[in-house]
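Q: The structure under discussion is supplied below as C-alpha cells; questions concerning it will follow.
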Amino acid sequence: MITIWPQYLDENLPLSEGRKISKEDAVKDPSLNDIERALKRLGLTYEIQKEASYPGKWYEKSGRILVEWEGTKLELIREISLKIKEIRK
C-alpha cells in the first residue's frame with residue numbers, strides 16, 4: 001500500500017511543504033474526491049482515510065488515500081495527477 005496525500009499533487013505548495021512532483025505535472029488544489037475519481041478511472045484498489053492529518057500540517061485534516069500499487073510512489077503520483085488533469089478538461 002502506498003500513501004497518497006493531496007499535498008503531494010498540489011502545484012501551489014513548494015517541495016519543502018509536501019509537493020512530490022514538478023509544478024508542470026502537479027494540479028491546483030487537489031481534493032480527496034479528485035484523487036478518488038482518478039483512482040477509479042485507473043482501476044486501482046484504494047482506501048480513503050478522511051480524518052488523517054498530513055504530518056507537516058498536523059492541525060488540518062486533509063485526509064489520505066492508501067493505494068494498492070506495484071510501481072514507485074512517484075509513478076503513482078504522476079499517473080493520478082495526469083488523470084485529474086484529464087478529468088478536469
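By convention in this document, the chains of the C-alpha cells carry letters A, B, ... by their order, each chain's residues are numbered from 1, and ligands are numbered from 1 in the order they are shown.
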Pick out the residues sitting within 12 Å of Arg37 of chain A, and hand them over as a list in words; count only C-alpha atoms, and ignore anything fewer than 2 positions along from it in its own chain.
A: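 What passes the distance filter is Pro30, Ser31, Leu32, Asn33, Asp34, Ile35, Leu39, Lys40, Arg41, Leu42, Gly43, Leu44, Thr45, Tyr46, Ile48, Ile65, Ile80, Ser81, Leu82, Lys83, Ile84, Lys85, Glu86, Ile87 and Arg88 of chain A.
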Q: Can you list every residue of segment 44-70 of chain A that has an atom at most 8 Å from segment 1-18 of chain A, with its nearest atom pair and the distance in Å to one decimal, using only C-alpha atoms, ordered by chain then number, as CSV?
A:
residue,atom,partner,partner_atom,distance
A:Tyr54,CA,A:Trp5,CA,7.0
A:Gly56,CA,A:Glu17,CA,7.0
A:Ser62,CA,A:Pro6,CA,7.3
A:Gly63,CA,A:Trp5,CA,6.9
A:Arg64,CA,A:Trp5,CA,4.7
A:Ile65,CA,A:Ile4,CA,5.2
A:Leu66,CA,A:Thr3,CA,4.6
A:Val67,CA,A:Ile2,CA,5.1
A:Glu68,CA,A:Met1,CA,4.8
A:Trp69,CA,A:Met1,CA,6.5
Q: Store the residues picked out above in a file with all heavy atoms, as a compact mmCIF listing (two decimals), in the first residue's frame.
A:
# COMPACT_ATOMS: atom_id res chain seq x y z
N TYR A 54 -1.92 15.43 7.45
CA TYR A 54 -0.58 15.39 6.87
C TYR A 54 0.41 15.78 7.97
O TYR A 54 0.20 16.78 8.67
CB TYR A 54 -0.50 16.35 5.68
CG TYR A 54 0.81 16.31 4.95
CD1 TYR A 54 1.19 15.16 4.25
CD2 TYR A 54 1.67 17.39 4.95
CE1 TYR A 54 2.38 15.10 3.57
CE2 TYR A 54 2.87 17.34 4.26
CZ TYR A 54 3.22 16.20 3.57
OH TYR A 54 4.42 16.14 2.90
N GLY A 56 3.17 17.37 8.14
CA GLY A 56 3.66 18.75 8.11
C GLY A 56 2.61 19.77 8.51
O GLY A 56 2.92 20.90 8.86
N SER A 62 -6.64 16.85 6.22
CA SER A 62 -6.74 16.84 4.76
C SER A 62 -7.12 15.48 4.22
O SER A 62 -7.59 15.35 3.11
CB SER A 62 -5.40 17.27 4.15
OG SER A 62 -4.38 16.35 4.51
N GLY A 63 -6.92 14.44 5.02
CA GLY A 63 -7.20 13.08 4.60
C GLY A 63 -6.07 12.51 3.76
O GLY A 63 -5.16 13.23 3.34
N ARG A 64 -6.13 11.19 3.56
CA ARG A 64 -5.14 10.50 2.73
C ARG A 64 -5.81 9.29 2.11
O ARG A 64 -6.89 8.88 2.52
CB ARG A 64 -3.93 10.08 3.55
CG ARG A 64 -4.21 9.00 4.57
CD ARG A 64 -2.98 8.64 5.35
NE ARG A 64 -3.29 7.60 6.34
CZ ARG A 64 -2.42 7.15 7.20
NH1 ARG A 64 -1.19 7.63 7.22
NH2 ARG A 64 -2.76 6.21 8.05
N ILE A 65 -5.14 8.74 1.11
CA ILE A 65 -5.66 7.55 0.44
C ILE A 65 -4.55 6.51 0.37
O ILE A 65 -3.42 6.84 -0.02
CB ILE A 65 -6.18 7.89 -0.97
CG1 ILE A 65 -7.31 8.92 -0.87
CG2 ILE A 65 -6.66 6.63 -1.68
CD1 ILE A 65 -7.95 9.30 -2.18
N LEU A 66 -4.87 5.30 0.75
CA LEU A 66 -3.94 4.18 0.66
C LEU A 66 -4.27 3.42 -0.62
O LEU A 66 -5.42 3.03 -0.84
CB LEU A 66 -4.07 3.26 1.87
CG LEU A 66 -3.90 3.93 3.23
CD1 LEU A 66 -4.15 2.93 4.34
CD2 LEU A 66 -2.53 4.55 3.37
N VAL A 67 -3.26 3.22 -1.46
CA VAL A 67 -3.48 2.66 -2.80
C VAL A 67 -2.64 1.40 -2.99
O VAL A 67 -1.46 1.37 -2.65
CB VAL A 67 -3.10 3.69 -3.89
CG1 VAL A 67 -3.42 3.15 -5.27
CG2 VAL A 67 -3.79 5.02 -3.66
N GLU A 68 -3.27 0.37 -3.58
CA GLU A 68 -2.54 -0.84 -3.99
C GLU A 68 -1.84 -0.50 -5.29
O GLU A 68 -2.49 -0.18 -6.29
CB GLU A 68 -3.54 -1.99 -4.23
CG GLU A 68 -4.19 -2.53 -3.00
CD GLU A 68 -3.32 -3.50 -2.22
OE1 GLU A 68 -2.31 -3.98 -2.76
OE2 GLU A 68 -3.66 -3.76 -1.07
N TRP A 69 -0.51 -0.58 -5.31
CA TRP A 69 0.26 -0.19 -6.49
C TRP A 69 1.57 -0.95 -6.49
O TRP A 69 2.23 -1.05 -5.45
CB TRP A 69 0.50 1.32 -6.46
CG TRP A 69 1.29 1.89 -7.58
CD1 TRP A 69 2.60 2.29 -7.52
CD2 TRP A 69 0.88 2.16 -8.91
NE1 TRP A 69 3.01 2.78 -8.72
CE2 TRP A 69 1.97 2.72 -9.61
CE3 TRP A 69 -0.32 1.99 -9.60
CZ2 TRP A 69 1.90 3.10 -10.93
CZ3 TRP A 69 -0.39 2.37 -10.92
CH2 TRP A 69 0.70 2.93 -11.57
Q: Which distance in Å separates atom CA of Ile21 of chain A and atom CA of Gly71 of chain A, to one decimal?
A: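 Spanning atom CA of Ile21 of chain A to atom CA of Gly71 of chain A is a straight-line distance of 15.6 Å.
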Q: Between atom CA of Ala38 of chain A and atom CA of Ser22 of chain A, what distance in Å does the model show, to one decimal?
A: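 Between these atoms lies a distance of 18.6 Å.
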Q: Would you please extract all helix (DSSP H, G or I) residues from chain A, as assigned by DSSP on the backbone, and give them as a PyMOL selection string?
A: chain A and resi 6-9+15-17+32-42+55-57+73-88
